[in-house]
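Undergrad: Just one file: coords.pdb, with PDB, C-alpha atoms.
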ATOM      1  CA  MET F  29     -82.919 -19.595  73.848
ATOM      2  CA  ARG F  30     -86.120 -17.583  74.134
ATOM      3  CA  LYS F  31     -84.288 -14.844  75.996
ATOM      4  CA  ILE F  32     -81.688 -14.621  73.194
ATOM      5  CA  LEU F  33     -84.427 -14.435  70.531
ATOM      6  CA  ALA F  34     -86.246 -11.748  72.515
ATOM      7  CA  LEU F  35     -83.028  -9.784  72.875
ATOM      8  CA  LEU F  36     -82.324 -10.049  69.153
ATOM      9  CA  LEU F  37     -85.841  -8.868  68.328
ATOM     10  CA  ALA F  38     -85.487  -5.934  70.703
ATOM     11  CA  VAL F  39     -82.177  -4.921  69.100
ATOM     12  CA  ALA F  40     -83.680  -5.204  65.596
ATOM     13  CA  LEU F  41     -86.659  -3.085  66.658
ATOM     14  CA  LEU F  42     -84.362  -0.492  68.209
ATOM     15  CA  LEU F  43     -82.278  -0.304  65.030
ATOM     16  CA  ALA F  44     -85.411   0.055  62.900
ATOM     17  CA  CYS F  45     -86.723   2.852  65.096
ATOM     18  CA  THR F  46     -83.346   4.585  65.034
ATOM     19  CA  ALA F  47     -83.329   4.428  61.220
ATOM     20  CA  VAL F  48     -86.836   5.906  61.040
ATOM     21  CA  LEU F  49     -85.928   8.660  63.472
ATOM     22  CA  ALA F  50     -82.751   9.431  61.524
ATOM     23  CA  GLU F  51     -84.761   9.627  58.320
ATOM     24  CA  GLU F  52     -87.340  11.907  59.918
ATOM     25  CA  GLU F  53     -84.620  14.215  61.199
ATOM     26  CA  THR F  54     -83.288  15.025  57.741
ATOM     27  CA  CYS F  55     -84.906  17.472  55.332
ATOM     28  CA  VAL F  56     -83.949  18.487  51.802
ATOM     29  CA  TYR F  57     -84.260  21.897  50.185
ATOM     30  CA  THR F  58     -84.235  21.616  46.379
ATOM     31  CA  VAL F  59     -82.991  25.027  45.299
ATOM     32  CA  TYR F  60     -83.761  26.166  41.739
ATOM     33  CA  ASN F  61     -81.945  29.088  40.147
ATOM     34  CA  VAL F  62     -84.445  31.183  38.202
ATOM     35  CA  THR F  63     -82.663  34.504  38.664
ATOM     36  CA  GLY F  64     -81.861  34.756  34.959
ATOM     37  CA  GLU F  65     -78.112  34.544  35.533
ATOM     38  CA  LYS F  66     -75.498  32.334  37.155
ATOM     39  CA  VAL F  67     -75.530  32.128  40.960
ATOM     40  CA  THR F  68     -71.950  32.277  42.213
ATOM     41  CA  GLU F  69     -72.614  32.092  45.952
ATOM     42  CA  LEU F  70     -75.209  30.021  47.800
ATOM     43  CA  TYR F  71     -75.033  29.486  51.559
ATOM     44  CA  VAL F  72     -77.117  28.437  54.541
ATOM     45  CA  THR F  73     -76.167  29.950  57.883
ATOM     46  CA  ASP F  74     -77.224  28.621  61.289
ATOM     47  CA  ASN F  75     -79.009  31.540  62.969
ATOM     48  CA  ALA F  76     -78.217  30.270  66.454
ATOM     49  CA  THR F  77     -74.490  29.654  66.041
ATOM     50  CA  GLY F  78     -73.616  31.806  63.005
ATOM     51  CA  GLU F  79     -71.997  28.757  61.370
ATOM     52  CA  LYS F  80     -71.892  29.167  57.581
ATOM     53  CA  SER F  81     -72.083  26.254  55.159
ATOM     54  CA  VAL F  82     -69.952  25.495  52.145
ATOM     55  CA  ASN F  83     -70.766  27.370  48.951
ATOM     56  CA  TYR F  84     -73.448  25.140  47.403
ATOM     57  CA  ALA F  85     -73.102  26.958  44.074
ATOM     58  CA  GLY F  86     -69.742  25.233  43.690
ATOM     59  CA  GLU F  87     -66.623  26.461  41.934
ATOM     60  CA  GLU F  88     -68.345  26.807  38.578
ATOM     61  CA  GLY F  89     -71.486  28.434  39.933
ATOM     62  CA  LEU F  90     -75.103  27.341  39.621
ATOM     63  CA  ALA F  91     -76.289  28.023  36.081
ATOM     64  CA  ASN F  92     -79.621  29.703  35.440
ATOM     65  CA  GLY F  93     -82.240  26.965  35.278
ATOM     66  CA  ALA F  94     -80.122  24.501  37.260
ATOM     67  CA  SER F  95     -80.840  23.173  40.753
ATOM     68  CA  VAL F  96     -79.010  21.818  43.778
ATOM     69  CA  GLU F  97     -80.124  19.861  46.837
ATOM     70  CA  ILE F  98     -79.215  21.074  50.336
ATOM     71  CA  SER F  99     -79.784  18.772  53.320
ATOM     72  CA  GLY F 100     -80.641  19.874  56.821
ATOM     73  CA  VAL F 101     -80.442  17.890  60.081
ATOM     74  CA  ASN F 102     -83.050  18.717  62.686
ATOM     75  CA  LYS F 103     -82.177  19.971  66.157
ATOM     76  CA  GLU F 104     -83.682  22.150  68.841
ATOM     77  CA  GLY F 105     -84.037  25.763  67.720
ATOM     78  CA  TYR F 106     -83.479  24.869  64.042
ATOM     79  CA  GLU F 107     -83.525  28.019  61.893
ATOM     80  CA  LEU F 108     -81.349  28.941  58.925
ATOM     81  CA  THR F 109     -80.676  31.911  56.693
ATOM     82  CA  LEU F 110     -80.476  31.094  53.003
ATOM     83  CA  SER F 111     -78.403  33.631  51.070
ATOM     84  CA  PHE F 112     -77.241  33.914  47.478
ATOM     85  CA  LYS F 113     -75.398  36.197  45.085
ATOM     86  CA  THR F 114     -75.420  36.205  41.286
ATOM     87  CA  GLU F 115     -72.731  36.867  38.719
ATOM     88  CA  GLY F 116     -74.119  40.355  38.176
ATOM     89  CA  GLY F 117     -73.925  41.220  41.891
ATOM     90  CA  TYR F 118     -77.625  40.825  42.691
ATOM     91  CA  GLU F 119     -78.088  39.459  46.239
ATOM     92  CA  GLY F 120     -80.957  37.826  48.068
ATOM     93  CA  SER F 121     -81.692  36.076  51.329
ATOM     94  CA  PHE F 122     -84.397  34.397  53.381
ATOM     95  CA  PRO F 123     -83.640  34.635  57.136
ATOM     96  CA  THR F 124     -86.204  32.220  58.599
ATOM     97  CA  LEU F 125     -85.773  28.884  56.888
ATOM     98  CA  HIS F 126     -87.256  26.115  59.009
ATOM     99  CA  PHE F 127     -87.000  22.355  59.009
ATOM    100  CA  GLU F 128     -89.003  21.010  56.052
ATOM    101  CA  THR F 129     -88.476  19.313  52.734
ATOM    102  CA  VAL F 130     -89.495  21.933  50.173
ATOM    103  CA  PRO F 131     -88.641  23.358  46.755
ATOM    104  CA  ILE F 132     -87.103  26.844  46.798
ATOM    105  CA  SER F 133     -86.836  29.113  43.773
ATOM    106  CA  LEU F 134     -84.266  31.926  43.766
ATOM    107  CA  LEU F 135     -86.101  34.733  41.980
ATOM    108  CA  ALA F 136     -84.948  37.410  39.572
ATOM    109  CA  ALA F 137     -85.127  40.984  40.828
ATOM    110  CA  ASP F 138     -87.901  41.871  38.340
ATOM    111  CA  ALA F 139     -89.969  38.858  39.451
ATOM    112  CA  LEU F 140     -90.254  39.924  43.080
ATOM    113  CA  SER F 141     -93.809  40.317  44.327
ATOM    114  CA  GLY F 142     -92.937  40.858  47.980
ATOM    115  CA  ALA F 143     -90.081  41.393  50.388
ATOM    116  CA  THR F 144     -88.335  38.087  49.755
ATOM    117  CA  GLN F 145     -86.161  36.997  46.856
ATOM    118  CA  ILE F 146     -87.370  33.385  46.979
ATOM    119  CA  ASN F 147     -90.589  31.441  46.762
ATOM    120  CA  PHE F 148     -91.452  27.920  47.827
ATOM    121  CA  ASN F 149     -92.522  26.689  44.395
ATOM    122  CA  VAL F 150     -91.071  24.459  41.720
ATOM    123  CA  PRO F 151     -90.490  26.677  38.664
ATOM    124  CA  ASP F 152     -91.739  25.938  35.177
ATOM    125  CA  VAL F 153     -89.031  24.903  32.699
ATOM    126  CA  SER F 154     -89.238  24.543  28.945
ATOM    127  CA  CYS F 155     -87.428  22.498  26.340
ATOM    128  CA  THR F 156     -87.578  23.002  22.593
ATOM    129  CA  TYR F 157     -87.265  20.438  19.826
ATOM    130  CA  THR F 158     -86.327  22.116  16.542
ATOM    131  CA  VAL F 159     -87.642  19.666  13.966
ATOM    132  CA  PHE F 160     -86.142  19.754  10.459
ATOM    133  CA  ASN F 161     -87.911  18.001   7.602
ATOM    134  CA  VAL F 162     -85.333  16.277   5.410
ATOM    135  CA  THR F 163     -87.601  13.438   4.274
ATOM    136  CA  GLY F 164     -87.622  14.736   0.697
ATOM    137  CA  GLU F 165     -91.356  15.467   0.770
ATOM    138  CA  LYS F 166     -93.985  17.376   2.723
ATOM    139  CA  VAL F 167     -94.748  16.176   6.258
ATOM    140  CA  THR F 168     -98.533  16.247   6.809
ATOM    141  CA  GLU F 169     -98.724  14.903  10.367
ATOM    142  CA  LEU F 170     -96.450  15.623  13.309
ATOM    143  CA  TYR F 171     -97.302  14.695  16.895
ATOM    144  CA  LEU F 172     -95.694  14.586  20.325
ATOM    145  CA  LYS F 173     -97.489  11.793  22.171
ATOM    146  CA  ASP F 174     -97.107  11.424  25.931
ATOM    147  CA  THR F 175     -95.826   7.867  26.333
ATOM    148  CA  ILE F 176     -96.823   7.707  30.002
ATOM    149  CA  THR F 177    -100.400   9.082  29.739
ATOM    150  CA  GLY F 178    -101.093   8.125  26.110
ATOM    151  CA  GLU F 179    -102.203  11.673  25.262
ATOM    152  CA  ALA F 180    -101.609  12.312  21.531
ATOM    153  CA  GLY F 181    -101.801  16.106  21.464
ATOM    154  CA  GLU F 182    -102.279  18.297  18.410
ATOM    155  CA  ASN F 183    -101.009  17.809  14.866
ATOM    156  CA  TYR F 184     -98.383  20.563  14.774
ATOM    157  CA  VAL F 185     -98.445  20.804  10.954
ATOM    158  CA  ALA F 186    -102.173  20.321  10.444
ATOM    159  CA  GLU F 187    -102.857  23.487   8.451
ATOM    160  CA  ALA F 188    -100.242  23.609   5.699
ATOM    161  CA  GLY F 189     -97.904  20.723   6.367
ATOM    162  CA  LEU F 190     -94.149  21.053   6.808
ATOM    163  CA  GLU F 191     -92.359  21.431   3.485
ATOM    164  CA  ASN F 192     -89.175  19.517   2.759
ATOM    165  CA  GLY F 193     -86.251  21.622   4.010
ATOM    166  CA  ALA F 194     -88.437  23.591   6.432
ATOM    167  CA  SER F 195     -88.357  23.440  10.214
ATOM    168  CA  ILE F 196     -90.643  23.988  13.186
ATOM    169  CA  GLU F 197     -90.031  24.521  16.907
ATOM    170  CA  LEU F 198     -92.008  22.387  19.350
ATOM    171  CA  THR F 199     -91.850  23.586  22.957
ATOM    172  CA  LYS F 200     -92.884  21.698  26.068
ATOM    173  CA  THR F 201     -93.252  23.334  29.498
ATOM    174  CA  VAL F 202     -93.428  21.329  32.730
ATOM    175  CA  LYS F 203     -92.499  21.695  36.382
ATOM    176  CA  ALA F 204     -88.754  21.410  36.973
ATOM    177  CA  ASP F 205     -89.212  18.314  39.126
ATOM    178  CA  ALA F 206     -91.111  16.531  36.337
ATOM    179  CA  THR F 207     -88.331  16.395  33.749
ATOM    180  CA  GLY F 208     -86.780  13.089  34.805
ATOM    181  CA  ARG F 209     -86.795  10.073  32.490
ATOM    182  CA  ASP F 210     -89.301   8.341  34.758
ATOM    183  CA  LYS F 211     -91.778  11.229  34.403
ATOM    184  CA  PHE F 212     -91.213  12.756  30.968
ATOM    185  CA  VAL F 213     -91.256  10.494  27.888
ATOM    186  CA  LEU F 214     -92.653  11.491  24.500
ATOM    187  CA  ASP F 215     -93.196   9.659  21.220
ATOM    188  CA  LEU F 216     -92.378  11.862  18.232
ATOM    189  CA  ALA F 217     -94.440  10.559  15.309
ATOM    190  CA  PHE F 218     -94.720  11.857  11.747
ATOM    191  CA  LYS F 219     -96.271  10.992   8.396
ATOM    192  CA  THR F 220     -95.445  12.340   4.947
ATOM    193  CA  GLU F 221     -97.621  13.161   1.961
ATOM    194  CA  SER F 222     -96.852   9.783   0.347
ATOM    195  CA  GLY F 223     -97.763   7.843   3.496
ATOM    196  CA  TYR F 224     -94.231   7.200   4.785
ATOM    197  CA  GLU F 225     -94.313   7.103   8.598
ATOM    198  CA  GLY F 226     -91.703   7.393  11.324
ATOM    199  CA  SER F 227     -91.486   7.677  15.081
ATOM    200  CA  PHE F 228     -89.140   7.932  18.030
ATOM    201  CA  PRO F 229     -90.857   6.648  21.197
ATOM    202  CA  THR F 230     -88.333   7.649  23.872
ATOM    203  CA  LEU F 231     -87.925  11.392  23.516
ATOM    204  CA  HIS F 232     -86.828  12.956  26.810
ATOM    205  CA  PHE F 233     -86.675  16.488  28.207
ATOM    206  CA  GLU F 234     -83.920  18.329  26.348
ATOM    207  CA  THR F 235     -83.479  21.144  23.888
ATOM    208  CA  VAL F 236     -82.176  19.470  20.733
ATOM    209  CA  PRO F 237     -82.321  19.566  16.934
ATOM    210  CA  ILE F 238     -84.192  16.662  15.332
ATOM    211  CA  SER F 239     -84.039  15.728  11.656
ATOM    212  CA  LEU F 240     -86.868  13.664  10.159
ATOM    213  CA  LEU F 241     -85.029  11.361   7.760
ATOM    214  CA  ALA F 242     -85.959  10.014   4.351
ATOM    215  CA  ALA F 243     -86.432   6.247   4.129
ATOM    216  CA  ASP F 244     -83.310   5.842   1.980
ATOM    217  CA  ALA F 245     -81.223   7.826   4.508
ATOM    218  CA  LEU F 246     -81.834   5.479   7.437
ATOM    219  CA  SER F 247     -78.718   4.010   8.997
ATOM    220  CA  GLY F 248     -80.459   2.324  11.920
ATOM    221  CA  ALA F 249     -83.865   1.485  13.377
ATOM    222  CA  THR F 250     -85.067   5.079  13.866
ATOM    223  CA  GLN F 251     -86.364   7.574  11.320
ATOM    224  CA  ILE F 252     -84.834  10.584  13.035
ATOM    225  CA  SER F 253     -81.392  11.876  13.966
ATOM    226  CA  PHE F 254     -80.463  14.323  16.718
ATOM    227  CA  THR F 255     -78.555  16.638  14.396
ATOM    228  CA  ALA F 256     -79.478  19.645  12.343
ATOM    229  CA  PRO F 257     -79.052  19.165   8.579
ATOM    230  CA  ASP F 258     -76.472  21.058   6.564
ATOM    231  CA  VAL F 259     -77.733  24.093   4.644
ATOM    232  CA  THR F 260     -75.931  26.241   2.096
ATOM    233  CA  CYS F 261     -76.197  29.880   1.061
ATOM    234  CA  THR F 262     -74.482  31.451  -1.938
ATOM    235  CA  TYR F 263     -73.304  35.028  -2.469
ATOM    236  CA  THR F 264     -72.892  35.811  -6.166
ATOM    237  CA  VAL F 265     -70.295  38.589  -6.118
ATOM    238  CA  TYR F 266     -70.054  40.931  -9.123
ATOM    239  CA  ASN F 267     -67.038  43.186  -9.622
ATOM    240  CA  VAL F 268     -68.256  46.566 -10.882
ATOM    241  CA  THR F 269     -65.482  48.638  -9.345
ATOM    242  CA  GLY F 270     -64.042  49.505 -12.761
ATOM    243  CA  GLU F 271     -60.791  47.663 -12.085
ATOM    244  CA  LYS F 272     -59.457  44.267 -11.106
ATOM    245  CA  VAL F 273     -60.158  43.039  -7.581
ATOM    246  CA  THR F 274     -57.000  41.444  -6.195
ATOM    247  CA  GLN F 275     -58.248  40.466  -2.723
ATOM    248  CA  LEU F 276     -61.647  39.103  -1.721
ATOM    249  CA  TYR F 277     -62.278  37.514   1.676
ATOM    250  CA  LEU F 278     -65.092  36.360   3.934
ATOM    251  CA  ILE F 279     -64.113  36.861   7.583
ATOM    252  CA  ASP F 280     -66.131  35.241  10.372
ATOM    253  CA  THR F 281     -67.010  38.199  12.590
ATOM    254  CA  LEU F 282     -67.623  35.982  15.626
ATOM    255  CA  THR F 283     -64.494  33.809  15.469
ATOM    256  CA  GLY F 284     -62.122  35.968  13.405
ATOM    257  CA  ASP F 285     -61.451  33.126  10.944
ATOM    258  CA  ILE F 286     -60.375  34.414   7.518
ATOM    259  CA  SER F 287     -61.209  32.560   4.336
ATOM    260  CA  GLU F 288     -58.932  32.008   1.383
ATOM    261  CA  ASN F 289     -58.476  34.852  -1.091
ATOM    262  CA  TYR F 290     -61.373  34.166  -3.448
ATOM    263  CA  ALA F 291     -59.951  36.555  -6.042
ATOM    264  CA  SER F 292     -57.071  34.049  -6.431
ATOM    265  CA  GLU F 293     -53.706  34.848  -7.999
ATOM    266  CA  GLU F 294     -55.218  36.149 -11.255
ATOM    267  CA  GLY F 295     -57.659  38.481  -9.504
ATOM    268  CA  LEU F 296     -61.312  39.063 -10.326
ATOM    269  CA  ALA F 297     -61.556  41.115 -13.517
ATOM    270  CA  ASP F 298     -63.881  44.112 -13.778
ATOM    271  CA  GLY F 299     -67.278  42.855 -14.924
ATOM    272  CA  ALA F 300     -66.589  39.289 -13.756
ATOM    273  CA  SER F 301     -68.415  37.447 -10.996
ATOM    274  CA  ILE F 302     -67.821  34.589  -8.577
ATOM    275  CA  ASP F 303     -70.062  32.417  -6.414
ATOM    276  CA  LEU F 304     -69.081  32.175  -2.738
ATOM    277  CA  SER F 305     -70.913  29.395  -0.881
ATOM    278  CA  LYS F 306     -71.094  28.741   2.856
ATOM    279  CA  THR F 307     -72.404  25.506   4.378
ATOM    280  CA  VAL F 308     -73.364  25.323   8.056
ATOM    281  CA  LYS F 309     -75.780  23.434  10.285
ATOM    282  CA  ALA F 310     -79.374  24.625   9.910
ATOM    283  CA  ASP F 311     -79.498  25.690  13.572
ATOM    284  CA  ALA F 312     -76.439  27.938  13.115
ATOM    285  CA  THR F 313     -77.858  30.364  10.550
ATOM    286  CA  GLY F 314     -79.329  32.901  12.967
ATOM    287  CA  ARG F 315     -78.004  36.438  13.188
ATOM    288  CA  ASP F 316     -76.516  35.684  16.599
ATOM    289  CA  LYS F 317     -74.488  32.774  15.184
ATOM    290  CA  PHE F 318     -73.692  33.632  11.585
ATOM    291  CA  VAL F 319     -72.078  36.994  10.777
ATOM    292  CA  LEU F 320     -69.491  37.539   8.047
ATOM    293  CA  ASN F 321     -67.399  40.500   6.984
ATOM    294  CA  LEU F 322     -67.000  40.718   3.203
ATOM    295  CA  VAL F 323     -63.785  42.624   2.405
ATOM    296  CA  PHE F 324     -62.115  43.409  -0.907
ATOM    297  CA  LYS F 325     -59.233  45.375  -2.369
ATOM    298  CA  THR F 326     -58.633  46.475  -5.944
ATOM    299  CA  GLU F 327     -55.493  46.769  -8.028
ATOM    300  CA  SER F 328     -55.208  50.503  -7.311
ATOM    301  CA  GLY F 329     -55.525  49.979  -3.525
ATOM    302  CA  TYR F 330     -59.190  50.917  -3.178
ATOM    303  CA  GLU F 331     -60.736  48.937  -0.302
ATOM    304  CA  GLY F 332     -64.248  48.089   0.740
ATOM    305  CA  SER F 333     -66.073  45.952   3.273
ATOM    306  CA  PHE F 334     -69.466  44.970   4.607
ATOM    307  CA  PRO F 335     -69.163  43.673   8.198
ATOM    308  CA  THR F 336     -72.688  42.339   8.793
ATOM    309  CA  LEU F 337     -73.298  39.785   6.086
ATOM    310  CA  HIS F 338     -75.845  37.198   7.215
ATOM    311  CA  PHE F 339     -76.963  33.788   5.976
ATOM    312  CA  GLU F 340     -78.827  34.301   2.705
ATOM    313  CA  THR F 341     -78.479  33.618  -0.995
ATOM    314  CA  VAL F 342     -78.111  37.040  -2.601
ATOM    315  CA  PRO F 343     -76.347  38.944  -5.386
ATOM    316  CA  ILE F 344     -73.669  41.393  -4.190
ATOM    317  CA  SER F 345     -72.087  44.091  -6.337
ATOM    318  CA  LEU F 346     -68.707  45.561  -5.358
ATOM    319  CA  ILE F 347     -69.209  49.170  -6.391
ATOM    320  CA  LYS F 348     -66.979  52.062  -7.375
ATOM    321  CA  VAL F 349     -66.082  54.832  -4.961
ATOM    322  CA  ASP F 350     -68.115  57.411  -6.867
ATOM    323  CA  ALA F 351     -71.066  55.030  -6.998
ATOM    324  CA  ALA F 352     -71.262  54.590  -3.245
ATOM    325  CA  SER F 353     -74.234  56.648  -2.108
ATOM    326  CA  GLY F 354     -74.149  55.433   1.468
ATOM    327  CA  ALA F 355     -71.736  54.097   4.058
ATOM    328  CA  THR F 356     -71.161  50.751   2.331
ATOM    329  CA  THR F 357     -69.100  49.874  -0.727
ATOM    330  CA  ILE F 358     -71.414  47.098  -1.843
ATOM    331  CA  GLN F 359     -75.035  46.804  -2.898
ATOM    332  CA  PHE F 360     -77.319  43.788  -2.762
ATOM    333  CA  ALA F 361     -78.181  43.704  -6.436
ATOM    334  CA  ALA F 362     -76.755  42.288  -9.643
ATOM    335  CA  PRO F 363     -75.562  44.779 -12.256
ATOM    336  CA  GLU F 364     -77.881  45.536 -15.134
ATOM    337  CA  GLY F 365     -78.176  42.706 -17.606
ATOM    338  CA  LYS F 366     -76.992  40.057 -15.122
TER     339      LYS F 366
END
Rewrite the structure from the file as structure tokens, please.
TA:
Amino acid sequence: MRKILALLLAVALLLACTAVLAEEETCVYTVYNVTGEKVTELYVTDNATGEKSVNYAGEEGLANGASVEISGVNKEGYELTLSFKTEGGYEGSFPTLHFETVPISLLAADALSGATQINFNVPDVSCTYTVFNVTGEKVTELYLKDTITGEAGENYVAEAGLENGASIELTKTVKADATGRDKFVLDLAFKTESGYEGSFPTLHFETVPISLLAADALSGATQISFTAPDVTCTYTVYNVTGEKVTQLYLIDTLTGDISENYASEEGLADGASIDLSKTVKADATGRDKFVLNLVFKTESGYEGSFPTLHFETVPISLIKVDAASGATTIQFAAPEGK
């Protein structure tokens, strides 16, 4: 019986040692793409045998800012070449990769400080919370508190407060390996001029819009929503062409979508005006996301357009041919007396 027990213990010990050895013989390279563009090819090649790995960038490529783990199994004479290629054709390599568990950053060409296109550091990454105040009043206190350390940080609106309808961007920068939900947790807390308070204690690492809600807008337990509010701009269009406008459109320059004919069947009489309103999400008003082409045509066939209309509430006059002093057939002003 004792011999059997001794044998079983020996086998268990052998298995435990084998497991430890197996664990020790495996390393992991965590490769971060900080080239500024998508990496389409990522390989490790065995220097001794010339054997090339699968493409670790995958079919869709490794996006800028993303990472991938590559495992290595130790053996005598272990040495690899790490090579990569980006969407733009930029290539890099490191020919003497040894057995170790390390972070590896693939660097942009303009970030190179030496002969190699990599470094053995975890890169910094940033996320941005765009906070919109839709509480109906001024926000006087706004904090991002570190839930793990308890650090409260600054009051981001300490000086002038955040007016109702206004927004602010809050950016956090950490090491790329410190963004996980076990390492990065914030409590977003705010207080308004009247004393109304709200918070969201489990804010994680992500770039998102956040709306601070009014008390009467709450649909659940939290005083925020992860959506940007709707905002509206209005173009008040005056017809001063000297004749009836029969066609009036707003064309989305980015998508090609064409609006209805705002002049309608009756047309827009000379001297008349019309309000054209556009409602979009507050984070879609930038000049890279919101571009319209205002086009019109009169009864006689005279045509005009303005292809770079941005998000703003403004008066717009459709002007006569002989009144056009520049390249456009509109002006951002109301006619006299309007």
Undergrad: With all atoms of region 144-151 of chain F from the file as input, state the centre and edge lengths in Å to one decimal of the axis-aligned box that has 8 Å extra on each side, as lines of an AutoDock Vina configuration file.
TA:
center_x = -89.3
center_y = 31.3
center_z = 44.2
size_x = 22.4
size_y = 29.6
size_z = 27.1
Undergrad: Find the residues around Thr73 (chain F) up to 10 Å (all atoms listed in the file counted), leave out those fewer than 4 positions away in its own chain, and share them as a list of chain:residue names.
TA: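 My list of contacting residues is F:Thr77, F:Gly78, F:Glu79, F:Lys80, F:Ser81, F:Val82, F:Glu107, F:Leu108, F:Thr109, F:Leu110, F:Ser111, F:Pro123, F:Leu125.
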Undergrad: Just to be explicit: take each residue in the selection above, keep C-alpha atoms, and write the result as a short mmCIF file (atom, residue, chain, number, x, y, z; two decimals), in the frame of the given file.
TA:
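Output file again-v5.cif is given in full below:
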data_model
loop_
_atom_site.label_atom_id
_atom_site.label_comp_id
_atom_site.auth_asym_id
_atom_site.auth_seq_id
_atom_site.Cartn_x
_atom_site.Cartn_y
_atom_site.Cartn_z
CA THR F 77 -74.49 29.65 66.04
CA GLY F 78 -73.62 31.81 63.00
CA GLU F 79 -72.00 28.76 61.37
CA LYS F 80 -71.89 29.17 57.58
CA SER F 81 -72.08 26.25 55.16
CA VAL F 82 -69.95 25.50 52.14
CA GLU F 107 -83.52 28.02 61.89
CA LEU F 108 -81.35 28.94 58.92
CA THR F 109 -80.68 31.91 56.69
CA LEU F 110 -80.48 31.09 53.00
CA SER F 111 -78.40 33.63 51.07
CA PRO F 123 -83.64 34.64 57.14
CA LEU F 125 -85.77 28.88 56.89
#
Undergrad: One number please: CA of Phe212 (chain F) to CA of Thr156 (chain F), in Å, one decimal.
TA: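 Here the two named atoms are 13.7 Å from each other.
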Undergrad: Can you pull out every residue within 10 Å of region 224-236 of chain F, counting all atoms listed in the file, but drop anything in the same chain fewer than 5 positions away, and send it as a JSON list (two decimals) with C-alpha atoms, keeping the file's coordinate frame?
TA:
[["chain", "number", "residue", "atom", "x", "y", "z"],
["F", 153, "VAL", "CA", -89.03, 24.90, 32.70],
["F", 154, "SER", "CA", -89.24, 24.54, 28.94],
["F", 155, "CYS", "CA", -87.43, 22.50, 26.34],
["F", 156, "THR", "CA", -87.58, 23.00, 22.59],
["F", 157, "TYR", "CA", -87.26, 20.44, 19.83],
["F", 158, "THR", "CA", -86.33, 22.12, 16.54],
["F", 159, "VAL", "CA", -87.64, 19.67, 13.97],
["F", 163, "THR", "CA", -87.60, 13.44, 4.27],
["F", 165, "GLU", "CA", -91.36, 15.47, 0.77],
["F", 167, "VAL", "CA", -94.75, 16.18, 6.26],
["F", 169, "GLU", "CA", -98.72, 14.90, 10.37],
["F", 170, "LEU", "CA", -96.45, 15.62, 13.31],
["F", 171, "TYR", "CA", -97.30, 14.70, 16.90],
["F", 172, "LEU", "CA", -95.69, 14.59, 20.32],
["F", 173, "LYS", "CA", -97.49, 11.79, 22.17],
["F", 174, "ASP", "CA", -97.11, 11.42, 25.93],
["F", 175, "THR", "CA", -95.83, 7.87, 26.33],
["F", 198, "LEU", "CA", -92.01, 22.39, 19.35],
["F", 199, "THR", "CA", -91.85, 23.59, 22.96],
["F", 200, "LYS", "CA", -92.88, 21.70, 26.07],
["F", 201, "THR", "CA", -93.25, 23.33, 29.50],
["F", 202, "VAL", "CA", -93.43, 21.33, 32.73],
["F", 206, "ALA", "CA", -91.11, 16.53, 36.34],
["F", 207, "THR", "CA", -88.33, 16.40, 33.75],
["F", 208, "GLY", "CA", -86.78, 13.09, 34.80],
["F", 209, "ARG", "CA", -86.80, 10.07, 32.49],
["F", 210, "ASP", "CA", -89.30, 8.34, 34.76],
["F", 211, "LYS", "CA", -91.78, 11.23, 34.40],
["F", 212, "PHE", "CA", -91.21, 12.76, 30.97],
["F", 213, "VAL", "CA", -91.26, 10.49, 27.89],
["F", 214, "LEU", "CA", -92.65, 11.49, 24.50],
["F", 215, "ASP", "CA", -93.20, 9.66, 21.22],
["F", 216, "LEU", "CA", -92.38, 11.86, 18.23],
["F", 217, "ALA", "CA", -94.44, 10.56, 15.31],
["F", 218, "PHE", "CA", -94.72, 11.86, 11.75],
["F", 219, "LYS", "CA", -96.27, 10.99, 8.40],
["F", 241, "LEU", "CA", -85.03, 11.36, 7.76],
["F", 242, "ALA", "CA", -85.96, 10.01, 4.35],
["F", 243, "ALA", "CA", -86.43, 6.25, 4.13],
["F", 249, "ALA", "CA", -83.86, 1.48, 13.38],
["F", 250, "THR", "CA", -85.07, 5.08, 13.87],
["F", 251, "GLN", "CA", -86.36, 7.57, 11.32],
["F", 252, "ILE", "CA", -84.83, 10.58, 13.04],
["F", 253, "SER", "CA", -81.39, 11.88, 13.97],
["F", 254, "PHE", "CA", -80.46, 14.32, 16.72],
["F", 255, "THR", "CA", -78.56, 16.64, 14.40],
["F", 256, "ALA", "CA", -79.48, 19.64, 12.34],
["F", 311, "ASP", "CA", -79.50, 25.69, 13.57]]
Undergrad: Kindly assemble as CSV a list of the region 194-310 of chain F residues that lie within 12 Å of region 52-64 of chain F, each paired with its nearest atom pair and their distance in Å to one decimal, using all atoms listed in the file, sorted first by chain and then by ascending residue number.
TA:
residue,atom,partner,partner_atom,distance
F:Lys203,CA,F:Tyr60,CA,11.2
F:Ala204,CA,F:Tyr60,CA,8.4
F:Asp205,CA,F:Thr58,CA,9.4
Undergrad: In Å, how far is it from CA of Gly116 (chain F) to CA of Glu87 (chain F)?
TA: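 So the answer is 16.2 Å.
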Undergrad: Name the residues that the PyMOL selection byres ((chain F and resi 289-300) around 9) picks from the file above, as a list in words, using the file's chain letters and numbers.
TA: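 Those residues are Val265, Tyr266, Asn267, Val268, Thr269, Gly270, Glu271, Lys272, Val273, Thr274, Gln275, Leu276, Tyr277, Leu278, Ile286, Ser287, Glu288, Ser301, Ile302, Leu304, Phe324, Thr326, Glu327 and Pro363 of chain F.
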Undergrad: Given the file above and the PyMOL selection byres ((chain F and resi 86) around 10), which residues are selected, and can you give them as a PyMOL selection string?
TA: chain F and resi 67-70+82-85+87-90+96
Undergrad: Point out the residue among F:Ser121, F:Ser133, F:Asn321, F:Asn161 with the least atom-to-atom distance to Gly93 (chain F), counting all atoms listed in the file.
TA: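 The closest residue to Gly93 (chain F) is F:Ser133.
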